[in-house]
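Undergrad: Okay, so here is protein.cif, and as you'll see once you scroll down, it has mmCIF, C-alpha atoms.
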```
data_final
#
loop_
_atom_site.label_atom_id
_atom_site.label_comp_id
_atom_site.auth_asym_id
_atom_site.auth_seq_id
_atom_site.Cartn_x
_atom_site.Cartn_y
_atom_site.Cartn_z
CA MET A 924 91.09 95.72 78.04
CA ARG A 925 94.28 95.99 80.11
CA GLY A 926 95.44 93.42 82.66
CA VAL A 927 98.40 93.16 85.05
CA LEU A 928 100.50 90.01 84.68
CA PHE A 929 103.09 88.55 87.07
CA THR A 930 105.49 87.08 84.51
CA GLY A 931 107.89 85.67 87.11
CA ASN A 932 110.82 86.67 89.30
CA ARG A 933 109.41 90.07 90.34
CA GLN A 934 108.53 91.08 86.78
CA VAL A 935 105.23 92.80 85.93
CA GLU A 936 103.70 93.49 82.53
CA ILE A 937 100.54 95.26 81.39
CA GLY A 938 98.89 93.06 78.77
CA GLU A 939 96.10 93.76 76.31
CA PHE A 940 93.16 91.35 76.28
CA PRO A 941 89.79 91.19 74.53
CA ASP A 942 86.94 92.58 76.60
CA PRO A 943 85.24 89.54 78.20
CA THR A 944 81.80 88.35 77.14
CA PRO A 945 79.69 86.47 79.70
CA GLY A 946 78.56 82.94 78.93
CA PRO A 947 75.55 81.18 80.47
CA GLY A 948 75.41 81.79 84.22
CA GLU A 949 78.24 84.32 84.06
CA VAL A 950 78.60 88.06 84.57
CA VAL A 951 81.16 90.67 83.64
CA VAL A 952 82.09 93.13 86.38
CA GLU A 953 83.61 96.50 85.55
CA ILE A 954 86.37 96.81 88.14
CA LYS A 955 86.29 99.97 90.24
CA ALA A 956 88.79 98.85 92.90
CA SER A 957 91.22 95.92 93.00
CA GLY A 958 93.18 95.50 96.22
CA MET A 959 96.75 94.33 96.66
CA CYS A 960 97.12 91.42 99.07
CA GLY A 961 100.23 90.18 100.87
CA SER A 962 99.73 86.75 99.28
CA ASP A 963 100.21 88.40 95.87
CA LEU A 964 103.91 88.59 96.70
CA LYS A 965 104.26 84.81 96.54
CA PHE A 966 103.21 84.90 92.89
CA TYR A 967 105.08 88.14 92.15
CA ARG A 968 108.37 86.77 93.51
CA ALA A 969 108.18 83.21 92.19
CA ALA A 970 109.25 81.81 88.85
CA PRO A 971 106.29 81.43 86.44
CA GLY A 972 103.76 78.97 87.87
CA ASP A 973 106.00 77.88 90.77
CA ALA A 974 103.95 79.49 93.55
CA GLN A 975 100.71 77.94 92.28
CA ALA A 976 102.31 74.50 92.18
CA ALA A 977 103.87 74.91 95.64
CA LEU A 978 100.47 75.83 97.10
CA GLY A 979 98.77 72.84 95.47
CA LEU A 980 96.84 74.98 92.98
CA GLY A 981 98.08 73.30 89.82
CA ASP A 982 100.42 74.33 87.01
CA LEU A 983 99.87 77.28 84.70
CA SER A 984 100.74 77.17 81.02
CA GLU A 985 100.83 80.97 80.76
CA PRO A 986 100.59 84.03 83.05
CA ILE A 987 97.13 85.08 84.17
CA ILE A 988 95.80 88.48 85.19
CA ALA A 989 96.58 89.07 88.87
CA GLY A 990 94.35 90.48 91.60
CA HIS A 991 92.01 88.54 93.88
CA GLU A 992 90.24 91.42 95.67
CA PRO A 993 87.62 92.43 93.07
CA CYS A 994 85.00 95.11 93.56
CA GLY A 995 82.98 96.97 90.97
CA VAL A 996 79.72 97.21 89.03
CA VAL A 997 77.95 94.54 87.01
CA ALA A 998 78.42 95.52 83.37
CA ALA A 999 76.94 92.52 81.52
CA VAL A 1000 75.04 89.32 82.34
CA GLY A 1001 74.94 86.04 80.47
CA ALA A 1002 72.06 83.79 79.57
CA GLY A 1003 70.13 82.35 82.47
CA VAL A 1004 71.27 84.92 85.04
CA THR A 1005 68.22 86.21 86.92
CA GLU A 1006 67.80 89.67 88.46
CA ARG A 1007 68.00 88.09 91.90
CA GLU A 1008 71.50 86.88 91.03
CA ALA A 1009 72.82 90.01 89.31
CA ARG A 1010 71.57 93.11 87.55
CA ILE A 1011 73.28 95.70 85.38
CA GLY A 1012 74.71 98.50 87.52
CA GLN A 1013 74.67 96.48 90.76
CA ARG A 1014 77.55 97.25 93.16
CA VAL A 1015 79.30 93.97 93.97
CA MET A 1016 82.28 92.25 95.50
CA ASP A 1017 83.37 88.82 94.33
CA HIS A 1018 84.04 85.72 96.42
CA HIS A 1019 87.15 84.97 94.42
CA TYR A 1020 86.81 81.19 94.30
CA CYS A 1021 84.65 78.93 92.15
CA GLY A 1022 84.16 75.21 92.67
CA CYS A 1023 81.77 72.64 91.26
CA GLY A 1024 78.76 74.47 92.69
CA VAL A 1025 76.94 71.34 93.84
CA CYS A 1026 79.03 69.69 96.59
CA HIS A 1027 78.39 70.36 100.29
CA HIS A 1028 81.15 72.96 100.64
CA CYS A 1029 80.12 74.88 97.52
CA ARG A 1030 76.48 74.92 98.62
CA ILE A 1031 77.35 76.56 101.95
CA GLY A 1032 79.65 79.16 100.37
CA TRP A 1033 83.03 77.50 100.92
CA SER A 1034 83.99 76.97 97.27
CA GLN A 1035 87.70 76.91 98.12
CA LEU A 1036 87.06 73.64 100.00
CA CYS A 1037 85.46 72.00 96.96
CA GLY A 1038 86.54 68.38 96.51
CA GLU A 1039 86.69 68.86 92.74
CA ARG A 1040 89.12 71.19 91.03
CA PHE A 1041 88.39 74.82 91.87
CA VAL A 1042 89.68 78.11 90.48
CA VAL A 1043 91.03 81.12 92.33
CA TYR A 1044 90.50 84.35 90.41
CA GLY A 1045 93.78 86.24 90.18
CA VAL A 1046 95.78 83.09 90.90
CA THR A 1047 94.65 80.28 88.59
CA ALA A 1048 92.15 82.25 86.46
CA HIS A 1049 92.11 85.84 85.24
CA GLY A 1050 91.67 88.25 88.14
CA ALA A 1051 90.78 91.83 88.98
CA HIS A 1052 93.91 93.86 88.19
CA ALA A 1053 92.13 94.69 84.96
CA ASP A 1054 89.35 96.80 83.50
CA TYR A 1055 86.89 93.90 83.69
CA ILE A 1056 86.58 90.43 85.21
CA LYS A 1057 84.29 87.59 84.11
CA VAL A 1058 82.98 85.32 86.89
CA PRO A 1059 80.01 83.04 87.60
CA ALA A 1060 77.04 85.01 88.93
CA ARG A 1061 76.91 82.77 92.01
CA THR A 1062 80.27 84.15 93.20
CA LEU A 1063 78.97 87.72 93.57
CA VAL A 1064 78.38 89.32 96.97
CA GLU A 1065 76.42 92.57 97.08
CA LEU A 1066 78.28 95.65 98.33
CA PRO A 1067 76.25 97.75 100.81
CA ASP A 1068 75.51 101.25 99.47
CA SER A 1069 77.27 102.89 102.41
CA LEU A 1070 80.62 101.22 101.62
CA SER A 1071 83.15 102.43 99.06
CA PHE A 1072 84.51 100.24 96.30
CA GLU A 1073 87.89 100.35 98.08
CA THR A 1074 86.36 98.93 101.25
CA GLY A 1075 84.64 96.26 99.17
CA ALA A 1076 87.99 95.27 97.64
CA ALA A 1077 89.56 94.92 101.09
CA ILE A 1078 86.67 92.81 102.36
CA SER A 1079 87.06 90.57 99.30
CA CYS A 1080 90.26 89.13 100.80
CA GLY A 1081 92.43 90.82 103.45
CA THR A 1082 89.80 92.34 105.73
CA GLY A 1083 87.47 89.41 105.14
CA THR A 1084 90.26 86.99 106.07
CA ALA A 1085 90.85 88.84 109.35
CA TYR A 1086 87.12 88.88 110.09
CA GLY A 1087 86.79 85.17 109.33
CA ALA A 1088 89.66 84.32 111.69
CA LEU A 1089 88.33 86.45 114.54
CA ARG A 1090 84.91 84.92 114.07
CA ARG A 1091 86.36 81.40 114.26
CA MET A 1092 88.21 82.37 117.45
CA ASN A 1093 84.95 83.56 119.03
CA LEU A 1094 86.57 86.85 120.02
CA SER A 1095 84.65 89.04 122.47
CA GLY A 1096 85.12 92.21 124.47
CA ARG A 1097 86.52 90.14 127.36
CA ASP A 1098 89.58 89.09 125.38
CA THR A 1099 93.13 90.28 124.96
CA LEU A 1100 94.19 89.58 121.37
CA ALA A 1101 97.80 89.46 120.14
CA VAL A 1102 98.21 90.00 116.38
CA PHE A 1103 101.54 88.84 114.95
CA GLY A 1104 102.39 90.57 111.66
CA GLN A 1105 101.10 94.02 110.75
CA GLY A 1106 100.60 93.70 107.03
CA PRO A 1107 97.16 94.38 105.58
CA VAL A 1108 95.54 91.35 107.24
CA GLY A 1109 97.12 92.09 110.62
CA LEU A 1110 96.10 95.74 110.50
CA ALA A 1111 92.56 94.72 109.60
CA ALA A 1112 92.55 92.28 112.54
CA ASN A 1113 93.56 95.13 114.87
CA GLN A 1114 90.78 97.29 113.49
CA LEU A 1115 88.07 94.65 113.61
CA GLY A 1116 89.21 93.24 116.95
CA ALA A 1117 89.03 96.69 118.53
CA ALA A 1118 85.58 97.23 116.98
CA MET A 1119 84.48 93.98 118.61
CA GLY A 1120 85.64 95.31 121.97
CA ALA A 1121 88.88 93.37 122.48
CA ARG A 1122 92.15 94.70 123.87
CA VAL A 1123 94.60 94.42 120.95
CA ILE A 1124 98.39 94.04 121.14
CA ALA A 1125 100.27 94.23 117.83
CA LEU A 1126 103.67 92.75 116.96
CA ASP A 1127 105.90 93.43 113.94
CA THR A 1128 109.61 93.90 113.27
CA ALA A 1129 109.11 96.75 110.76
CA PRO A 1130 108.97 100.22 112.38
CA GLU A 1131 106.73 101.54 109.59
CA ARG A 1132 104.15 98.84 110.26
CA ARG A 1133 104.36 99.21 114.03
CA ALA A 1134 103.55 102.90 113.57
CA LEU A 1135 100.49 101.98 111.51
CA ALA A 1136 99.35 99.43 114.11
CA THR A 1137 98.46 102.05 116.71
CA GLU A 1138 96.32 103.88 114.16
CA PHE A 1139 94.29 100.72 113.65
CA GLY A 1140 93.29 99.99 117.22
CA ALA A 1141 96.32 98.40 118.88
CA GLU A 1142 96.63 99.48 122.51
CA THR A 1143 100.28 98.36 122.68
CA VAL A 1144 102.87 97.58 120.01
CA ILE A 1145 105.82 95.20 120.46
CA ASP A 1146 108.98 94.87 118.37
CA PRO A 1147 109.81 91.14 118.57
CA ALA A 1148 113.32 91.84 117.26
CA ALA A 1149 114.07 94.06 120.28
CA ASP A 1150 112.05 92.34 123.03
CA ASP A 1151 111.21 88.71 123.70
CA PRO A 1152 107.59 88.64 122.48
CA VAL A 1153 106.52 85.86 124.85
CA GLU A 1154 107.89 87.61 127.92
CA ALA A 1155 106.52 90.97 126.77
CA LEU A 1156 103.00 89.57 126.24
CA LYS A 1157 103.02 87.77 129.58
CA GLU A 1158 104.16 90.94 131.34
CA LEU A 1159 101.26 92.84 129.77
CA THR A 1160 98.79 90.19 130.95
CA GLY A 1161 99.89 89.71 134.54
CA GLY A 1162 101.87 86.60 133.67
CA ALA A 1163 98.91 84.65 132.30
CA GLY A 1164 99.40 85.19 128.57
CA VAL A 1165 96.93 86.47 126.01
CA ASP A 1166 93.48 84.95 125.52
CA LEU A 1167 93.81 84.81 121.74
CA ALA A 1168 96.75 85.00 119.35
CA LEU A 1169 96.48 85.45 115.59
CA ASP A 1170 99.48 84.89 113.35
CA CYS A 1171 99.25 86.77 110.06
CA SER A 1172 102.95 86.53 109.22
CA GLY A 1173 103.50 82.89 108.30
CA ALA A 1174 106.90 83.12 110.05
CA GLU A 1175 107.99 80.15 112.19
CA ALA A 1176 109.25 82.34 115.03
CA ALA A 1177 105.98 84.25 115.18
CA ARG A 1178 103.88 81.09 115.15
CA SER A 1179 105.94 79.59 117.95
CA ALA A 1180 105.74 82.78 120.02
CA ALA A 1181 101.97 82.96 119.47
CA VAL A 1182 101.54 79.48 120.93
CA LYS A 1183 103.89 80.06 123.88
CA ALA A 1184 102.38 83.46 124.74
CA THR A 1185 98.78 82.23 124.86
CA ARG A 1186 97.29 81.39 128.27
CA THR A 1187 95.84 78.08 129.42
CA TRP A 1188 92.49 77.42 127.68
CA GLY A 1189 93.38 80.05 125.07
CA THR A 1190 93.14 79.87 121.27
CA VAL A 1191 95.78 80.40 118.58
CA CYS A 1192 94.87 80.89 114.94
CA PHE A 1193 97.20 80.73 111.92
CA VAL A 1194 96.21 82.60 108.75
CA GLY A 1195 99.66 83.32 107.26
CA GLU A 1196 100.22 80.83 104.41
CA GLY A 1197 103.25 78.60 103.90
CA GLY A 1198 106.18 77.74 106.11
CA SER A 1199 106.22 75.50 109.17
CA VAL A 1200 106.46 75.52 112.94
CA THR A 1201 107.89 73.09 115.50
CA LEU A 1202 106.10 72.78 118.83
CA ASP A 1203 106.76 70.83 121.99
CA VAL A 1204 103.29 69.31 122.09
CA SER A 1205 102.92 68.48 125.78
CA PRO A 1206 103.96 71.81 127.39
CA ASP A 1207 102.89 74.01 124.49
CA MET A 1208 99.48 72.49 123.82
CA ILE A 1209 98.24 69.50 125.80
CA ARG A 1210 99.05 70.75 129.29
CA LYS A 1211 97.66 74.20 128.46
CA GLN A 1212 94.41 72.82 127.01
CA LEU A 1213 95.28 75.03 124.04
CA THR A 1214 93.17 75.24 120.90
CA VAL A 1215 95.21 75.72 117.70
CA ILE A 1216 93.30 76.32 114.48
CA GLY A 1217 93.92 77.35 110.91
CA SER A 1218 91.65 79.75 109.06
CA TRP A 1219 91.67 79.99 105.26
CA THR A 1220 89.98 83.19 104.12
CA PHE A 1221 86.16 83.02 104.48
CA SER A 1222 82.94 81.80 102.89
CA SER A 1223 80.74 83.95 100.67
CA VAL A 1224 78.25 84.05 103.56
CA ILE A 1225 80.90 85.38 105.97
CA GLN A 1226 82.05 87.89 103.33
CA GLU A 1227 78.54 89.31 103.26
CA GLU A 1228 78.42 89.29 107.08
CA CYS A 1229 81.76 91.12 107.26
CA ALA A 1230 80.49 93.83 104.91
CA ARG A 1231 77.40 94.27 107.06
CA PHE A 1232 79.51 94.46 110.24
CA VAL A 1233 81.79 97.10 108.71
CA ALA A 1234 78.80 99.13 107.50
CA ASP A 1235 76.86 98.89 110.77
CA ARG A 1236 79.86 99.68 113.00
CA LYS A 1237 81.15 102.33 110.58
CA VAL A 1238 84.61 100.78 110.56
CA ASP A 1239 86.93 102.96 108.47
CA VAL A 1240 88.37 100.21 106.27
CA ASP A 1241 89.40 102.75 103.62
CA LYS A 1242 92.10 103.89 106.05
CA LEU A 1243 93.96 100.65 105.32
CA PHE A 1244 94.88 101.96 101.88
CA THR A 1245 98.05 103.99 102.16
CA GLN A 1246 98.62 103.96 98.39
CA ARG A 1247 96.18 104.34 95.51
CA TYR A 1248 97.23 103.64 91.92
CA THR A 1249 96.14 103.19 88.34
CA LEU A 1250 96.89 99.97 86.46
CA ASP A 1251 99.61 101.74 84.49
CA GLN A 1252 101.61 102.10 87.72
CA ALA A 1253 101.62 98.37 88.49
CA GLU A 1254 105.36 97.80 88.06
CA GLU A 1255 106.46 100.52 90.49
CA THR A 1256 103.58 99.67 92.80
CA TYR A 1257 104.66 96.07 93.34
CA LYS A 1258 108.29 97.05 93.79
CA LEU A 1259 107.22 99.22 96.71
CA PHE A 1260 104.80 96.62 98.09
CA ASP A 1261 107.61 94.04 97.93
CA THR A 1262 109.51 95.98 100.63
CA GLN A 1263 106.75 95.02 103.10
CA THR A 1264 106.99 98.37 104.88
CA THR A 1265 103.76 99.92 103.58
CA GLY A 1266 100.09 99.58 104.34
CA LYS A 1267 97.70 98.33 101.69
CA GLY A 1268 97.63 99.40 98.05
CA VAL A 1269 94.69 99.45 95.64
CA PHE A 1270 94.19 99.97 91.90
CA LEU A 1271 91.32 102.33 91.12
CA SER A 1272 89.52 103.13 87.89
#
```
Just give me the structure of the file as structure tokens.
TA:
Amino acid sequence: MRGVLFTGNRQVEIGEFPDPTPGPGEVVVEIKASGMCGSDLKFYRAAPGDAQAALGLGDLSEPIIAGHEPCGVVAAVGAGVTEREARIGQRVMDHHYCGCGVCHHCRIGWSQLCGERFVVYGVTAHGAHADYIKVPARTLVELPDSLSFETGAAISCGTGTAYGALRRMNLSGRDTLAVFGQGPVGLAANQLGAAMGARVIALDTAPERRALATEFGAETVIDPAADDPVEALKELTGGAGVDLALDCSGAEAARSAAVKATRTWGTVCFVGEGGSVTLDVSPDMIRKQLTVIGSWTFSSVIQEECARFVADRKVDVDKLFTQRYTLDQAEETYKLFDTQTTGKGVFLS
């Protein structure tokens, strides 16, 4: 089979690999859609293995197949896999982490919080930018029949990450939500936030992404390079500030503005990985009774819940994909994605 490799320093190769064979408790999924995620760029841009080490995910001895938004059809099952776990032809997403399987976090679907060493498919183990992926059966999440494989790929990371963050923030139709960063996760947060009834305000410095933001449910769009984002958000909220702020950028300036633009008793959530932020704790947090949280993707249970929400509310997640490709186009695809001016891309087969 073919697989896309990030070989380091913005280089991409298409490698040839043996078709995988499932071992006990494992399945092979024939990939129908594999989404491109903004976090892929960390591994695409870095020297070989550097991004994994910097994120505390260990060192790699050789490149692995990229892609951590898998969606497809079960093609083979290994020994001991029951029909309740997986069946040939079943439409599935994959919760792209695997831990020990027996600790508290693994048992409740949060394998990425496993106290033992865990793998991240597409980052520390072969991923979904390929014809097939081999994973433990317990990592599968069923894809509702009404959803496309593309939507399933988005839910498997970017859209699921946005949903998980909004869920942690307890967003409701009473809230005004500011979304900093209009990449795939930010656009999904606009879309889901609007579907949940919130008033959404989007912020991004890229004109291409600001244009997309209005298509995905943002009532107002702000260019933080042209206008002070804190003052602009306060003006739009009668001086009080927004109820909720979600930073999807990972940029220090955006994180700081998110905190300063959120009202007393409000909540700020960071999902953008890496970087840092400096806050003046008393005025920024303590004296505002502010809640500041981090949200790292989602559990397998929340992934399933997100898929059900999208299906029931008929949220047009497919609209996130502004580019559709085959694996053979991977090199040009990532060069374009690296500009960070596009929507979301997906490899289809």
Undergrad: Rank nothing, just name the residue among A:Gly1050, A:Gly979, A:Gly1195, A:Gly1001 nearest to A:Gly1106, using all atoms listed in the file.
TA: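 Closest residue, counting all atoms listed in the file: A:Gly1195.
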Undergrad: I'd like the interatomic distance between atom CA of A:Thr1190 and atom CA of A:Arg1178, to a tenth of an Å.
TA: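 Pair atom CA of A:Thr1190 / atom CA of A:Arg1178 returns 12.4 Å.
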Undergrad: For the interface of stretch 1033-1058 of chain A with stretch 933-956 of chain A (cut-off 8 Å, counting all atoms listed in the file), please tabulate each contacting residue of stretch 1033-1058 of chain A alongside its nearest pair of atoms and their separation in Å to one decimal, rows sorted by chain and increasing number, as CSV.
TA:
```
residue,atom,partner,partner_atom,distance
A:Ala1051,CA,A:Ile954,CA,6.7
A:Ala1053,CA,A:Ile954,CA,6.9
A:Asp1054,CA,A:Ile954,CA,5.5
A:Tyr1055,CA,A:Glu953,CA,4.6
A:Ile1056,CA,A:Val952,CA,5.4
A:Lys1057,CA,A:Val951,CA,4.4
A:Val1058,CA,A:Glu949,CA,5.6
```
Undergrad: Could you save the residues just selected, with C-alpha atoms, as an mmCIF file, in the coordinates of the input?
TA:
```cif
data_model
loop_
_atom_site.group_PDB
_atom_site.id
_atom_site.type_symbol
_atom_site.label_atom_id
_atom_site.label_comp_id
_atom_site.auth_asym_id
_atom_site.auth_seq_id
_atom_site.Cartn_x
_atom_site.Cartn_y
_atom_site.Cartn_z
ATOM 1 C CA ALA A 1051 90.780 91.830 88.980
ATOM 2 C CA ALA A 1053 92.130 94.690 84.960
ATOM 3 C CA ASP A 1054 89.350 96.800 83.500
ATOM 4 C CA TYR A 1055 86.890 93.900 83.690
ATOM 5 C CA ILE A 1056 86.580 90.430 85.210
ATOM 6 C CA LYS A 1057 84.290 87.590 84.110
ATOM 7 C CA VAL A 1058 82.980 85.320 86.890
#
```
Undergrad: Would you kindly translate the PyMOL selection byres ((chain A and resi 1247-1251) around 8) into the concrete residues it picks from this file, as a CSV table (one decimal) with C-alpha atoms, in the coordinates of the input?
TA:
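Writing done, so here's expr-v7.csv:
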```csv
chain,number,residue,atom,x,y,z
A,925,ARG,CA,94.3,96.0,80.1
A,926,GLY,CA,95.4,93.4,82.7
A,927,VAL,CA,98.4,93.2,85.0
A,937,ILE,CA,100.5,95.3,81.4
A,1052,HIS,CA,93.9,93.9,88.2
A,1053,ALA,CA,92.1,94.7,85.0
A,1244,PHE,CA,94.9,102.0,101.9
A,1245,THR,CA,98.0,104.0,102.2
A,1246,GLN,CA,98.6,104.0,98.4
A,1252,GLN,CA,101.6,102.1,87.7
A,1253,ALA,CA,101.6,98.4,88.5
A,1254,GLU,CA,105.4,97.8,88.1
A,1256,THR,CA,103.6,99.7,92.8
A,1268,GLY,CA,97.6,99.4,98.0
A,1269,VAL,CA,94.7,99.4,95.6
A,1270,PHE,CA,94.2,100.0,91.9
A,1271,LEU,CA,91.3,102.3,91.1
A,1272,SER,CA,89.5,103.1,87.9
```
Undergrad: Quick one: distance from atom CA of A:His991 to atom CA of A:Thr1265 in Å, one decimal?
TA: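 Atom-to-atom, atom CA of A:His991 to atom CA of A:Thr1265, that is 19.0 Å.
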Undergrad: May I have the residues within 10 Å of stretch 1160-1166 of chain A as a PyMOL selection string, using all atoms listed in the file and disregarding those fewer than 5 positions away in the same chain?
TA: chain A and resi 1092+1094+1097-1101+1122-1124+1153-1155+1181-1191
Undergrad: From the options A:Asp1068, A:Ala1076, A:Ala1125, A:Phe966, which residue's atoms come nearest to A:Ala1234, counting all atoms listed in the file?
TA: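 Going through A:Asp1068, A:Ala1076, A:Ala1125, A:Phe966 one by one, the smallest distance to A:Ala1234 is for A:Asp1068.
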Undergrad: To one decimal place, how far is atom CA of A:Asp1151 from atom CA of A:Leu1126 in Å?
TA: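 Between these atoms lies a distance of 10.9 Å.
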Undergrad: Would you pick out the contacts of A:Asp963 at 8 Å or less, using only C-alpha atoms, so that residues sharing its chain but fewer than 4 positions from it are not included, and give the list as an MDAnalysis selection string?
TA: chainID A and resid 959 967 989:990
Undergrad: Starting from the shown file, work through the PyMOL selection byres ((chain A and resi 1031) around 12) and note down what comes out as a list in words.
TA: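 This file, filtered by the PyMOL selection byres ((chain A and resi 1031) around 12), leaves Gly1022, Gly1024, Val1025, Cys1026, His1027, His1028, Cys1029, Arg1030, Gly1032, Trp1033, Ser1034, Gln1035, Leu1036, Cys1037, Arg1061, Thr1062, Phe1221, Ser1222, Ser1223, Val1224 and Ile1225 of chain A.
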Undergrad: Given the file above and the PyMOL selection byres ((chain A and resi 994) around 10), which residues are selected, and can you give them as a count of residues only?
TA: 34
Undergrad: Of the candidates A:Gly1012, A:Gly1096, A:Gly1104, A:Gly1266, which one gets nearest to A:Asp1241 if we count only C-alpha atoms?
TA: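 Ranking A:Gly1012, A:Gly1096, A:Gly1104, A:Gly1266 by distance to A:Asp1241, first place goes to A:Gly1266.
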Undergrad: Tell me, as an NGL selection string, which residues lie within 8 Å of stretch 971-975 of chain A, counting only C-alpha atoms; anything in the same chain fewer than 6 positions away does not count.
TA: :A and (929-932 or 965 or 981-986 or 1046-1047)
